[in-house]
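Below is the file run-v8.txt, which contains compact mmCIF, C-alpha atoms.
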# COMPACT_ATOMS: atom_id res chain seq x y z
CA MET G 1 54.12 181.52 169.31
CA LEU G 2 55.06 177.86 169.13
CA GLU G 3 58.67 176.73 169.42
CA ALA G 4 60.69 175.94 166.29
CA PRO G 5 59.35 172.93 164.47
CA THR G 6 60.99 169.55 164.71
CA LEU G 7 62.46 167.75 161.78
CA GLY G 8 59.91 166.43 159.35
CA LYS G 9 57.16 168.92 160.03
CA GLN G 10 56.25 171.54 157.50
CA VAL G 11 55.90 175.02 158.76
CA GLU G 12 54.22 177.94 157.15
CA VAL G 13 55.08 181.32 158.53
CA LEU G 14 52.28 183.77 158.04
CA HIS G 15 51.85 187.11 159.64
CA ASP G 16 53.48 186.98 163.07
CA CYS G 17 52.58 183.42 163.98
CA TYR G 18 53.82 180.00 163.15
CA TYR G 19 51.32 177.55 161.75
CA ILE G 20 51.96 173.90 161.94
CA SER G 21 50.78 171.87 159.00
CA ILE G 22 49.44 168.65 160.27
CA LEU G 23 51.15 165.48 159.20
CA ARG G 24 49.08 162.38 158.78
CA ARG G 25 48.64 160.90 162.24
CA ASP G 26 48.07 157.28 162.84
CA SER G 27 45.67 158.10 165.60
CA ILE G 28 43.19 159.70 163.26
CA VAL G 29 43.75 158.16 159.85
CA GLN G 30 40.35 156.55 159.80
CA LYS G 31 38.36 156.89 156.64
CA MET G 32 35.25 158.21 158.32
CA THR G 33 32.42 159.11 156.04
CA THR G 34 29.15 160.86 156.74
CA HIS G 35 25.86 159.67 155.33
CA PHE G 36 22.45 161.27 155.09
CA ILE G 37 19.70 158.76 155.79
CA THR G 38 15.98 158.76 156.34
CA ALA G 39 13.97 156.34 158.42
CA GLU G 40 10.31 155.75 159.16
CA ILE G 41 9.66 154.89 162.78
CA ASP G 42 6.37 153.77 164.29
CA LEU G 43 4.95 156.34 166.65
CA LYS G 44 5.08 155.19 170.26
CA GLN G 45 3.03 155.89 173.33
CA THR G 46 5.61 158.22 174.84
CA PRO G 47 8.29 160.53 173.41
CA ALA G 48 10.91 158.60 175.36
CA GLN G 49 9.91 155.33 173.69
CA LEU G 50 9.91 156.99 170.29
CA GLN G 51 13.32 158.51 170.88
CA GLN G 52 14.70 155.15 171.92
CA SER G 53 13.30 153.50 168.79
CA ILE G 54 14.80 156.18 166.59
CA GLU G 55 18.23 155.83 168.15
CA GLN G 56 18.13 152.04 167.91
CA GLU G 57 17.24 152.23 164.23
CA LEU G 58 19.92 154.80 163.46
CA ASN G 59 22.55 152.82 165.34
CA LYS G 60 21.98 149.97 162.91
CA LYS G 61 23.05 152.24 160.07
CA GLY G 62 26.06 153.95 161.63
CA GLU G 63 27.00 156.20 164.52
CA PRO G 64 24.36 158.95 164.73
CA LEU G 65 25.73 162.47 164.51
CA ARG G 66 22.56 164.46 164.10
CA TRP G 67 18.88 163.63 163.64
CA SER G 68 15.44 165.08 163.86
CA ILE G 69 11.90 164.10 163.02
CA ALA G 70 11.00 166.05 159.89
CA LEU G 71 7.42 164.90 159.48
CA VAL G 72 4.73 162.97 161.33
CA ASP G 73 2.34 160.91 159.25
CA ALA G 74 -0.68 160.62 161.53
CA ARG G 75 -2.54 158.32 159.16
CA LYS G 76 0.27 155.79 159.02
CA GLN G 77 1.31 156.54 162.61
CA LYS G 78 4.89 157.01 161.48
CA ALA G 79 7.61 159.54 162.22
CA VAL G 80 9.89 160.36 159.28
CA VAL G 81 13.42 160.93 160.57
CA GLU G 82 16.24 162.67 158.70
CA ALA G 83 19.67 161.90 160.08
CA ILE G 84 23.39 162.08 159.53
CA VAL G 85 25.36 159.02 160.59
CA THR G 86 29.06 158.27 160.32
CA LYS G 87 30.68 155.00 159.31
CA MET O 1 -3.01 190.50 216.38
CA ALA O 2 -2.17 188.77 213.20
CA ALA O 3 1.34 187.57 213.08
CA LEU O 4 3.12 188.12 209.81
CA LEU O 5 5.47 185.30 209.07
CA THR O 6 7.99 185.69 206.33
CA VAL O 7 9.42 182.46 205.17
CA LEU O 8 12.51 182.70 203.08
CA VAL O 9 12.64 179.80 200.68
CA HIS O 10 15.77 179.15 198.75
CA GLN O 11 14.81 178.88 195.13
CA PRO O 12 17.13 177.12 192.73
CA PRO O 13 18.23 179.16 189.70
CA TYR O 14 15.47 179.41 187.08
CA THR O 15 16.99 177.77 184.01
CA VAL O 16 15.67 178.06 180.47
CA VAL O 17 16.86 176.40 177.27
CA LEU O 18 16.21 178.25 174.02
CA ILE O 19 16.28 176.19 170.83
CA VAL O 20 15.94 177.47 167.30
CA PRO O 21 17.01 174.57 165.08
CA THR O 22 19.51 175.56 162.43
CA GLY O 23 18.88 175.03 158.74
CA VAL O 24 15.09 174.70 158.93
CA GLY O 25 14.17 178.16 157.71
CA ALA O 26 12.99 179.45 161.07
CA SER O 27 11.33 182.81 160.45
CA ILE O 28 12.96 184.06 163.66
CA GLY O 29 16.50 182.82 164.13
CA GLY O 30 17.00 181.22 160.76
CA TYR O 31 19.23 183.97 159.42
CA ALA O 32 22.12 185.96 160.87
CA GLY O 33 21.85 185.56 164.62
CA ASP O 34 18.42 187.14 164.45
CA ALA O 35 17.16 185.17 167.45
CA MET O 36 19.66 187.02 169.62
CA PRO O 37 17.06 189.56 170.79
CA VAL O 38 14.94 186.61 171.93
CA ALA O 39 17.93 185.26 173.86
CA ARG O 40 18.59 188.65 175.40
CA ALA O 41 15.00 188.92 176.54
CA ILE O 42 14.86 185.41 178.01
CA ALA O 43 18.20 186.02 179.74
CA GLN O 44 16.54 188.96 181.50
CA VAL O 45 13.72 186.86 182.95
CA SER O 46 15.74 183.78 183.88
CA ASP O 47 18.70 183.08 186.13
CA ARG O 48 20.39 180.90 183.53
CA LEU O 49 19.86 180.61 179.80
CA ILE O 50 21.30 177.77 177.76
CA THR O 51 21.26 178.09 174.00
CA HIS O 52 23.27 177.14 170.96
CA PRO O 53 25.54 178.93 168.48
CA ASN O 54 22.86 179.39 165.82
CA VAL O 55 21.02 181.68 168.24
CA LEU O 56 24.01 183.72 169.40
CA ASN O 57 26.16 183.90 166.26
CA GLY O 58 25.64 187.14 164.35
CA ALA O 59 28.86 187.12 162.29
CA GLN O 60 30.50 190.38 163.31
CA LEU O 61 27.73 190.93 165.84
CA TYR O 62 27.28 189.31 169.21
CA TRP O 63 26.05 190.31 172.66
CA PRO O 64 27.71 189.33 175.93
CA LEU O 65 25.20 187.72 178.28
CA ALA O 66 26.72 186.88 181.64
CA ASN O 67 24.06 184.29 182.52
CA THR O 68 23.98 182.55 179.14
CA SER O 69 25.74 179.32 178.16
CA TYR O 70 26.85 178.85 174.55
CA VAL O 71 26.40 175.12 173.96
CA GLU O 72 26.95 173.48 170.57
CA GLY O 73 24.06 171.41 169.23
CA TYR O 74 25.54 167.94 169.67
CA ALA O 75 26.51 168.80 173.25
CA LEU O 76 23.05 170.22 173.85
CA ASP O 77 21.53 166.91 172.80
CA LYS O 78 23.86 165.03 175.18
CA PHE O 79 23.08 167.51 177.96
CA ALA O 80 19.34 167.10 177.44
CA SER O 81 19.66 163.32 177.57
CA THR O 82 21.40 163.70 180.99
CA CYS O 83 24.58 162.08 179.64
CA TRP O 84 26.59 165.30 179.93
CA GLY O 85 26.59 168.17 182.37
CA LEU O 86 27.83 171.71 181.83
CA ARG O 87 30.57 173.38 183.83
CA PRO O 88 30.77 177.16 183.35
CA VAL O 89 34.24 178.62 182.88
CA ARG O 90 35.79 182.04 183.13
CA GLN O 91 37.73 181.67 179.90
CA ASN O 92 38.62 178.99 177.38
CA LYS O 93 41.79 178.87 175.33
CA VAL O 94 40.36 178.79 171.83
CA GLY O 95 42.19 177.03 169.00
CA LEU O 96 41.46 178.02 165.42
CA ILE O 97 41.39 175.58 162.51
CA LEU O 98 41.63 177.05 159.01
CA ASP O 99 40.68 174.99 155.98
CA ARG O 100 43.60 174.54 153.57
CA ALA O 101 41.20 175.47 150.77
CA ILE O 102 40.90 179.07 151.97
CA GLU O 103 42.67 181.42 149.60
CA PRO O 104 45.63 183.39 151.00
CA GLU O 105 43.92 186.78 151.16
CA LEU O 106 40.77 185.36 152.72
CA ARG O 107 42.91 183.44 155.19
CA LEU O 108 44.62 186.70 156.10
CA ARG O 109 41.23 188.29 156.78
CA HIS O 110 40.40 185.48 159.17
CA LEU O 111 43.71 185.75 160.94
CA GLN O 112 43.16 189.46 161.38
CA ALA O 113 39.69 188.86 162.74
CA ALA O 114 41.23 186.48 165.27
CA GLU O 115 43.95 188.98 166.15
CA ALA O 116 41.33 191.66 166.62
CA THR O 117 39.51 189.56 169.20
CA ARG O 118 42.77 189.10 171.07
CA ALA O 119 43.75 192.76 171.10
CA THR O 120 40.35 194.43 171.37
CA LEU O 121 38.40 191.88 173.40
CA GLY O 122 41.18 190.16 175.33
CA LEU O 123 40.27 186.67 174.14
CA ASN O 124 42.75 183.89 174.76
CA LEU O 125 43.60 182.17 171.47
CA THR O 126 46.18 179.45 170.96
CA ASP O 127 48.27 179.24 167.84
CA CYS O 128 46.21 178.05 164.91
CA THR O 129 46.48 175.28 162.37
CA VAL O 130 45.80 174.74 158.71
CA THR O 131 44.27 171.40 157.77
CA ASP O 132 46.51 168.98 155.89
CA ALA O 133 43.93 168.71 153.11
CA SER O 134 40.98 170.71 151.86
CA LEU O 135 37.90 169.87 153.86
CA GLU O 136 35.76 169.78 150.69
CA VAL O 137 32.47 171.08 152.03
CA GLN O 138 29.38 169.79 150.23
CA LEU O 139 25.93 171.35 150.54
CA ARG O 140 22.61 169.57 150.20
CA ILE O 141 18.91 170.13 150.84
CA ALA O 142 16.99 167.29 152.49
CA PRO O 143 13.58 166.11 151.24
CA SER O 144 11.97 168.06 154.09
CA GLY O 145 13.54 171.27 152.81
CA ALA O 146 16.03 171.43 155.67
CA SER O 147 19.64 172.19 154.94
CA TRP O 148 22.25 169.51 155.34
CA GLY O 149 25.72 168.83 154.06
CA THR O 150 29.02 167.26 154.87
CA ILE O 151 32.77 167.42 154.32
CA GLY O 152 34.87 165.14 152.17
CA ASN O 153 37.83 164.94 154.55
CA THR O 154 36.65 164.28 158.07
CA GLY O 155 40.05 162.88 159.04
CA SER O 156 41.77 166.13 158.12
CA LEU O 157 39.41 168.08 160.34
CA LEU O 158 39.87 165.76 163.30
CA ARG O 159 43.66 165.65 162.96
CA ALA O 160 43.78 169.42 163.05
CA ALA O 161 41.67 169.51 166.18
CA GLU O 162 43.77 166.83 167.85
CA THR O 163 46.90 168.85 167.25
CA LEU O 164 45.42 172.01 168.70
CA ILE O 165 44.28 170.15 171.78
CA ASP O 166 47.45 168.09 172.33
CA ARG O 167 50.10 170.63 171.36
CA ALA O 168 48.55 174.03 171.88
CA GLY O 169 46.35 173.20 174.85
CA ALA O 170 43.16 174.33 173.16
CA GLU O 171 40.06 174.00 175.35
CA ALA O 172 37.61 174.96 172.61
CA ILE O 173 37.85 174.73 168.83
CA ALA O 174 36.81 177.27 166.21
CA ILE O 175 36.66 175.93 162.68
CA VAL O 176 36.66 177.95 159.49
CA ALA O 177 35.89 175.86 156.43
CA ARG O 178 35.87 177.13 152.86
CA PHE O 179 32.29 176.96 151.61
CA PRO O 180 31.26 177.03 147.96
CA ASP O 181 30.57 180.48 146.54
CA ASP O 182 27.30 180.31 144.66
CA THR O 183 26.33 183.92 144.37
CA ASP O 184 23.67 183.39 141.71
CA SER O 185 21.76 180.59 143.40
CA GLU O 186 18.09 181.10 144.13
CA ILE O 187 18.53 179.54 147.56
CA LEU O 188 21.16 182.08 148.53
CA GLN O 189 19.12 184.97 147.17
CA ASN O 190 16.09 183.83 149.12
CA TYR O 191 18.17 183.51 152.26
CA ARG O 192 19.61 187.02 151.90
CA HIS O 193 16.09 188.32 151.39
CA GLY O 194 14.88 186.63 154.58
CA LYS O 195 12.69 184.05 152.89
CA GLY O 196 14.45 180.74 152.67
CA VAL O 197 16.59 178.19 154.43
CA ASP O 198 20.22 178.88 155.31
CA PRO O 199 21.93 176.63 152.77
CA LEU O 200 25.14 176.47 154.80
CA ALA O 201 23.64 175.49 158.13
CA GLY O 202 23.47 171.75 157.71
CA ALA O 203 27.11 171.35 156.75
CA GLU O 204 28.15 173.73 159.53
CA ALA O 205 26.34 171.59 162.07
CA VAL O 206 28.06 168.43 160.83
CA ILE O 207 31.47 170.07 161.15
CA SER O 208 31.03 171.21 164.73
CA HIS O 209 29.22 168.01 165.75
CA LEU O 210 32.20 165.94 164.54
CA ILE O 211 34.58 167.89 166.78
CA VAL O 212 32.34 167.84 169.84
CA ARG O 213 31.49 164.17 169.53
CA THR O 214 35.14 163.15 169.08
CA PHE O 215 36.88 165.43 171.56
CA LYS O 216 34.06 166.39 173.92
CA ILE O 217 35.04 170.05 174.11
CA PRO O 218 33.18 173.13 172.86
CA ALA O 219 33.38 173.84 169.16
CA ALA O 220 31.73 176.12 166.64
CA HIS O 221 32.07 176.95 163.00
CA ALA O 222 32.26 180.01 160.79
CA PRO O 223 32.17 179.64 157.00
CA ALA O 224 34.78 181.25 154.77
CA LEU O 225 33.17 182.87 151.75
CA MET O 226 34.03 185.59 149.33
CA PRO O 227 32.16 188.84 150.01
CA LEU O 228 28.86 189.04 148.14
CA PRO O 229 27.87 191.90 145.85
CA ALA O 230 25.83 194.61 147.52
CA ASP O 231 22.09 193.98 147.38
CA PRO O 232 19.56 196.66 148.40
CA ASP O 233 16.96 193.95 149.16
CA VAL O 234 18.89 192.18 151.91
CA SER O 235 16.55 191.44 154.79
CA PRO O 236 17.36 193.04 158.14
CA ARG O 237 17.40 189.49 159.54
CA ALA O 238 20.25 188.53 157.21
CA ALA O 239 22.06 191.87 157.28
CA ALA O 240 24.60 190.95 159.96
CA GLU O 241 26.30 188.64 157.46
CA GLU O 242 26.88 191.49 155.03
CA LEU O 243 29.11 193.48 157.36
CA GLY O 244 32.63 192.21 156.93
CA TYR O 245 35.03 189.74 155.45
CA THR O 246 34.44 186.96 157.99
CA PHE O 247 31.81 185.43 160.26
CA LEU O 248 34.41 184.60 162.86
CA PRO O 249 34.22 187.14 165.72
CA CYS O 250 30.94 185.88 167.20
CA VAL O 251 32.26 182.31 167.19
CA LEU O 252 35.43 183.22 169.05
CA VAL O 253 33.49 185.28 171.58
CA GLY O 254 31.00 182.48 172.14
CA LEU O 255 33.64 179.80 172.53
CA SER O 256 35.73 181.92 174.87
CA ARG O 257 33.16 181.36 177.62
CA ALA O 258 31.41 178.22 176.45
CA PRO O 259 30.94 175.76 179.32
CA GLN O 260 33.09 172.66 179.40
CA PHE O 261 31.35 169.30 179.45
CA ILE O 262 31.08 166.86 182.32
CA ILE O 263 31.02 163.63 180.39
CA SER O 264 31.01 161.14 183.23
CA LYS O 265 29.92 160.98 186.82
CA ASP O 266 32.74 158.57 187.66
CA ASN O 267 35.19 160.34 189.97
CA TYR O 268 33.06 163.44 189.55
CA THR O 269 33.52 166.29 192.01
CA PRO O 270 30.42 168.49 191.81
CA SER O 271 30.73 172.23 191.63
CA PRO O 272 27.84 174.50 192.68
CA GLN O 273 27.87 176.10 189.22
CA ASP O 274 27.44 172.79 187.37
CA ILE O 275 24.26 172.48 185.36
CA TRP O 276 22.42 169.24 184.64
CA ALA O 277 19.33 168.71 182.54
CA GLU O 278 17.25 167.87 185.59
CA GLN O 279 17.69 171.49 186.66
CA VAL O 280 16.14 172.92 183.50
CA ASP O 281 12.77 174.54 184.11
CA ALA O 282 11.59 175.31 180.60
CA VAL O 283 12.60 174.85 176.97
CA VAL O 284 11.40 177.28 174.31
CA VAL O 285 11.16 175.96 170.76
CA PRO O 286 9.32 176.75 167.48
CA ALA O 287 5.99 174.95 167.54
CA SER O 288 6.57 173.21 164.20
CA ALA O 289 10.06 171.93 165.06
CA CYS O 290 9.60 169.78 168.14
CA GLY O 291 11.13 166.64 166.67
CA GLY O 292 14.71 167.19 167.75
CA SER O 293 16.53 164.96 170.19
CA ALA O 294 16.94 167.68 172.83
CA VAL O 295 13.26 168.65 172.93
CA MET O 296 12.19 165.03 173.21
CA SER O 297 14.68 164.43 176.00
CA PHE O 298 13.59 167.49 177.94
CA SER O 299 9.97 166.50 177.52
CA SER O 300 10.73 163.11 179.05
CA LEU O 301 12.29 164.86 182.05
CA GLY O 302 9.11 166.84 182.69
CA VAL O 303 10.62 170.15 181.59
CA ARG O 304 7.94 172.62 180.50
CA VAL O 305 7.99 172.85 176.72
CA VAL O 306 6.95 176.26 175.41
CA ALA O 307 6.04 176.01 171.72
CA VAL O 308 6.09 179.31 169.81
CA GLU O 309 3.65 179.30 166.88
CA GLU O 310 4.79 182.52 165.24
CA ASN O 311 8.27 181.12 164.56
CA LYS O 312 7.45 179.13 161.42
CA THR O 313 9.88 176.53 160.07
CA LYS O 314 10.10 174.04 157.22
CA MET O 315 9.38 171.22 159.64
CA GLU O 316 5.89 169.96 160.37
CA VAL O 317 6.37 168.39 163.76
CA SER O 318 4.07 169.72 166.44
CA PRO O 319 4.53 168.72 170.07
CA GLU O 320 1.11 167.09 170.13
CA SER O 321 1.95 164.83 167.19
CA LEU O 322 4.70 163.27 169.31
CA GLY O 323 2.79 163.11 172.56
CA ILE O 324 4.72 166.03 174.02
CA LYS O 325 2.70 168.16 176.42
CA ALA O 326 3.50 171.75 175.60
CA ILE O 327 2.35 175.24 176.42
CA ARG O 328 1.43 176.80 173.10
CA VAL O 329 2.05 180.51 172.77
CA ASN O 330 1.63 182.71 169.76
CA SER O 331 4.83 184.73 170.07
CA TYR O 332 8.09 185.06 171.94
CA LEU O 333 6.53 187.98 173.80
CA GLU O 334 3.89 185.61 175.09
CA ALA O 335 6.55 183.03 175.86
CA LEU O 336 8.33 185.60 178.01
CA GLY O 337 5.13 186.20 179.88
CA PHE O 338 4.74 182.52 180.55
CA LEU O 339 8.33 182.23 181.77
CA VAL O 340 7.82 185.11 184.20
CA THR O 341 4.75 183.51 185.71
CA HIS O 342 6.35 180.08 185.77
CA ARG O 343 9.39 181.41 187.56
CA ALA O 344 7.23 183.27 190.06
CA GLY O 345 5.02 180.26 190.71
CA ILE O 346 1.93 182.05 189.43
CA ASN O 347 -0.87 180.22 187.67
CA PRO O 348 -0.99 181.91 184.22
CA ASP O 349 -4.78 181.47 184.16
CA SER O 350 -5.05 183.99 187.00
CA LEU O 351 -3.81 186.69 184.62
CA ARG O 352 -6.73 186.15 182.26
CA PRO O 353 -10.02 188.09 182.58
CA THR O 354 -12.10 184.98 183.26
CA LEU O 355 -11.19 182.41 185.83
CA SER O 356 -13.42 179.40 186.32
CA SER O 357 -14.52 178.37 189.79
CA LEU O 358 -13.23 175.33 191.57
CA ASN O 359 -15.19 172.12 191.28
CA CYS O 360 -15.75 169.81 194.22
CA LEU O 361 -14.87 166.22 193.47
CA SER O 362 -16.71 163.39 195.11
CA VAL O 363 -14.61 161.12 197.22
CA ASN O 364 -13.83 157.70 195.74
CA ARG O 365 -15.51 155.07 197.86
CA ASP O 366 -13.46 152.00 198.74
CA GLN O 367 -14.93 149.18 196.60
CA SER O 368 -13.29 146.33 198.55

Would you mind writing the structure in this file as structure tokens?
Amino acid sequence: MLEAPTLGKQVEVLHDCYYISILRRDSIVQKMTTHFITAEIDLKQTPAQLQQSIEQELNKKGEPLRWSIALVDARKQKAVVEAIVTK
Amino acid sequence: MAALLTVLVHQPPYTVVLIVPTGVGASIGGYAGDAMPVARAIAQVSDRLITHPNVLNGAQLYWPLANTSYVEGYALDKFASTCWGLRPVRQNKVGLILDRAIEPELRLRHLQAAEATRATLGLNLTDCTVTDASLEVQLRIAPSGASWGTIGNTGSLLRAAETLIDRAGAEAIAIVARFPDDTDSEILQNYRHGKGVDPLAGAEAVISHLIVRTFKIPAAHAPALMPLPADPDVSPRAAAEELGYTFLPCVLVGLSRAPQFIISKDNYTPSPQDIWAEQVDAVVVPASACGGSAVMSFSSLGVRVVAVEENKTKMEVSPESLGIKAIRVNSYLEALGFLVTHRAGINPDSLRPTLSSLNCLSVNRDQS
């Protein structure tokens, strides 16, 4: 059980525990948004080269959070990537 | 007299990574922790198994595996890329974040689930927090058919985690976000009947990835939903999510022993239990879902990729299409057989009825 709250903090008492409602903190006030994007990347000779190309492309659009190749178009020699990036 | 020499060779621990991507409709593992039997079996034939929450989370159901590491997906990608190592722990202090949008009675159910893990399982939980705003979960389906989603208030999530870490000393974070109730949707019905994609999975992954990327500690998510009406056609693979009011117990259990991350080799003091990607012997993955970051990283390290054909997914990415050399097996049973031979240093071909003879190669003549 946490100690009694300091002035200015809201406290909800539920059950047997104290819960501290979080005040807006300057350290994490950023307006971060997530974005779903797709990208077509040329297939490379090695998986390592392909992975590097994918990450370079995604880094242009934001900070990658999650990605995977959803489809490989053998005729066009392209990998279709679905990704979530943050900005 | 023939002398019998016994040479004892120290073998490093045989380490396997099991991946069943979340939100891609995997026929095994795409539902309610239904890849857990696969994990249990692989854990039996390996010294160390590394897998992710989607495999081990069965809502109210879970299985303790002493040689298995519960590693969130973002961390698994960083581990596979050799950026991060894993340091096993005896116990983490787990902090719980509750979405402000959770209704009072449902919040009480989650608190009681947490209390139950403390009293009945002896887990170490810190005090919990409620986010300063509703997280506003949004669900989507990608063009590929995979599940994805996001939250409207990322800052609220991260502030809550920061407080648990700074003030309560949390070493791992469990998040419960209020997800939309959409009891009549076709997607949900298909999922419950074991046919479709988990519509929640994509948003769940985003939530835990945000925590792990920002704070570099273990995290996992359980959705808060109202109980669904009883349905006699629920698939056995989805049945674990019909059992109770929350999906939280498995998450708390998993996080309680999830390895911490070694995020830098600067001033790094190695421990014998540390695990790095270079020590992984094999990665087991559905054959149609080889396009993830972790699989590609492991492939580049020379880790044996075992592609399981029977585990169908919505993806259409074979290992061969990416230039990944893989052992193709039909089933997880066959994968287990491969792992046993690989671990023992046995050529799998020698277990087949026909074995071709050796060829003699001619010696290359020096052309200079």

- Find the residues near Asp34 of chain O: any atom within 8 Å, counting all atoms listed in the file, skip ones fewer than 6 places away on the same chain, and give them as a ChimeraX atom specification. /O:28,55,58,237-238

- Message: Using all atoms listed in the file, can you tell me which of G:Thr38, G:Thr86, G:Ser68, G:Asn59 comes closest to chain O?
- Response: G:Ser68

- Task: Rank nothing, just name the residue among G:Ile54, G:Ile37, G:Leu65, G:Met32 nearest to Lys78 of chain G, using all atoms listed in the file.
- Result: G:Ile54

- Kindly indicate which residue among G:Gly62, G:Ile69, G:Glu40, G:Ala83 lies nearest to chain O, using only C-alpha atoms for the distances.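 Smallest separation from chain O among the options: G:Ile69.
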
- Message: Restricting the calculation to all atoms listed in the file: of O:Ile175, O:Ala335, O:Ala239, O:Ala287, which residue gets closest to His110 of chain O?
- Response: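 Between O:Ile175, O:Ala335, O:Ala239, O:Ala287, the residue approaching His110 of chain O most closely is O:Ile175.
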
- Could you tell me how far atom CA of Ile217 of chain O lies from atom CA of Thr82 of chain O, in Å and to one decimal?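 Between atom CA of Ile217 of chain O and atom CA of Thr82 of chain O the gap is 16.5 Å.
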
- Task: Output the contact residues of chain O with respect to chain G at a cut-off of 6 Å, based on all atoms listed in the file, as a PyMOL selection string.
- Result: chain O and resi 129-130+132+159+291-292+296+300+315-317

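Between atom CA of Ile151 of chain O and atom CA of Glu136 of chain O the separation is 5.3 Å.
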
- atom CA of His342 of chain O to atom CA of Leu355 of chain O, distance in Å rounded to a single decimal: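 If I compute the distance from atom CA of His342 of chain O to atom CA of Leu355 of chain O, I get 17.7 Å.
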
- Task: Please tell me which residues are no farther than 7 Å from (37.1, 175.3, 168.5) in the file, counting only C-alpha atoms, and write them as an MDAnalysis selection string.
- Result: chainID O and resid 94:96 172:175 218:220 255

- Message: I need the residue nearest Lys216 of chain O from this list: O:Ser318, O:Ser264, O:Ser147, O:Ser350. Use all atoms listed in the file for the distance.
- Response: O:Ser264

Long-range neighbours of Val38 of chain O as a PDB file with C-alpha atoms, keeping the file's coordinate frame, 12 Å cut-off, only C-alpha atoms, 5 positions minimum in chain:
ATOM      1  CA  VAL O  17      16.860 176.400 177.270  1.00  0.00           C
ATOM      2  CA  LEU O  18      16.210 178.250 174.020  1.00  0.00           C
ATOM      3  CA  ILE O  19      16.280 176.190 170.830  1.00  0.00           C
ATOM      4  CA  VAL O  20      15.940 177.470 167.300  1.00  0.00           C
ATOM      5  CA  ILE O  28      12.960 184.060 163.660  1.00  0.00           C
ATOM      6  CA  GLY O  29      16.500 182.820 164.130  1.00  0.00           C
ATOM      7  CA  GLY O  33      21.850 185.560 164.620  1.00  0.00           C
ATOM      8  CA  ALA O  43      18.200 186.020 179.740  1.00  0.00           C
ATOM      9  CA  GLN O  44      16.540 188.960 181.500  1.00  0.00           C
ATOM     10  CA  VAL O  45      13.720 186.860 182.950  1.00  0.00           C
ATOM     11  CA  LEU O  49      19.860 180.610 179.800  1.00  0.00           C
ATOM     12  CA  THR O  51      21.260 178.090 174.000  1.00  0.00           C
ATOM     13  CA  VAL O  55      21.020 181.680 168.240  1.00  0.00           C
ATOM     14  CA  LEU O  56      24.010 183.720 169.400  1.00  0.00           C
ATOM     15  CA  TRP O  63      26.050 190.310 172.660  1.00  0.00           C
ATOM     16  CA  VAL O 284      11.400 177.280 174.310  1.00  0.00           C
ATOM     17  CA  VAL O 285      11.160 175.960 170.760  1.00  0.00           C
ATOM     18  CA  VAL O 308       6.090 179.310 169.810  1.00  0.00           C
ATOM     19  CA  ASN O 311       8.270 181.120 164.560  1.00  0.00           C
ATOM     20  CA  SER O 331       4.830 184.730 170.070  1.00  0.00           C
ATOM     21  CA  TYR O 332       8.090 185.060 171.940  1.00  0.00           C
ATOM     22  CA  LEU O 333       6.530 187.980 173.800  1.00  0.00           C
ATOM     23  CA  GLU O 334       3.890 185.610 175.090  1.00  0.00           C
ATOM     24  CA  ALA O 335       6.550 183.030 175.860  1.00  0.00           C
ATOM     25  CA  LEU O 336       8.330 185.600 178.010  1.00  0.00           C
TER      26      LEU O 336
END
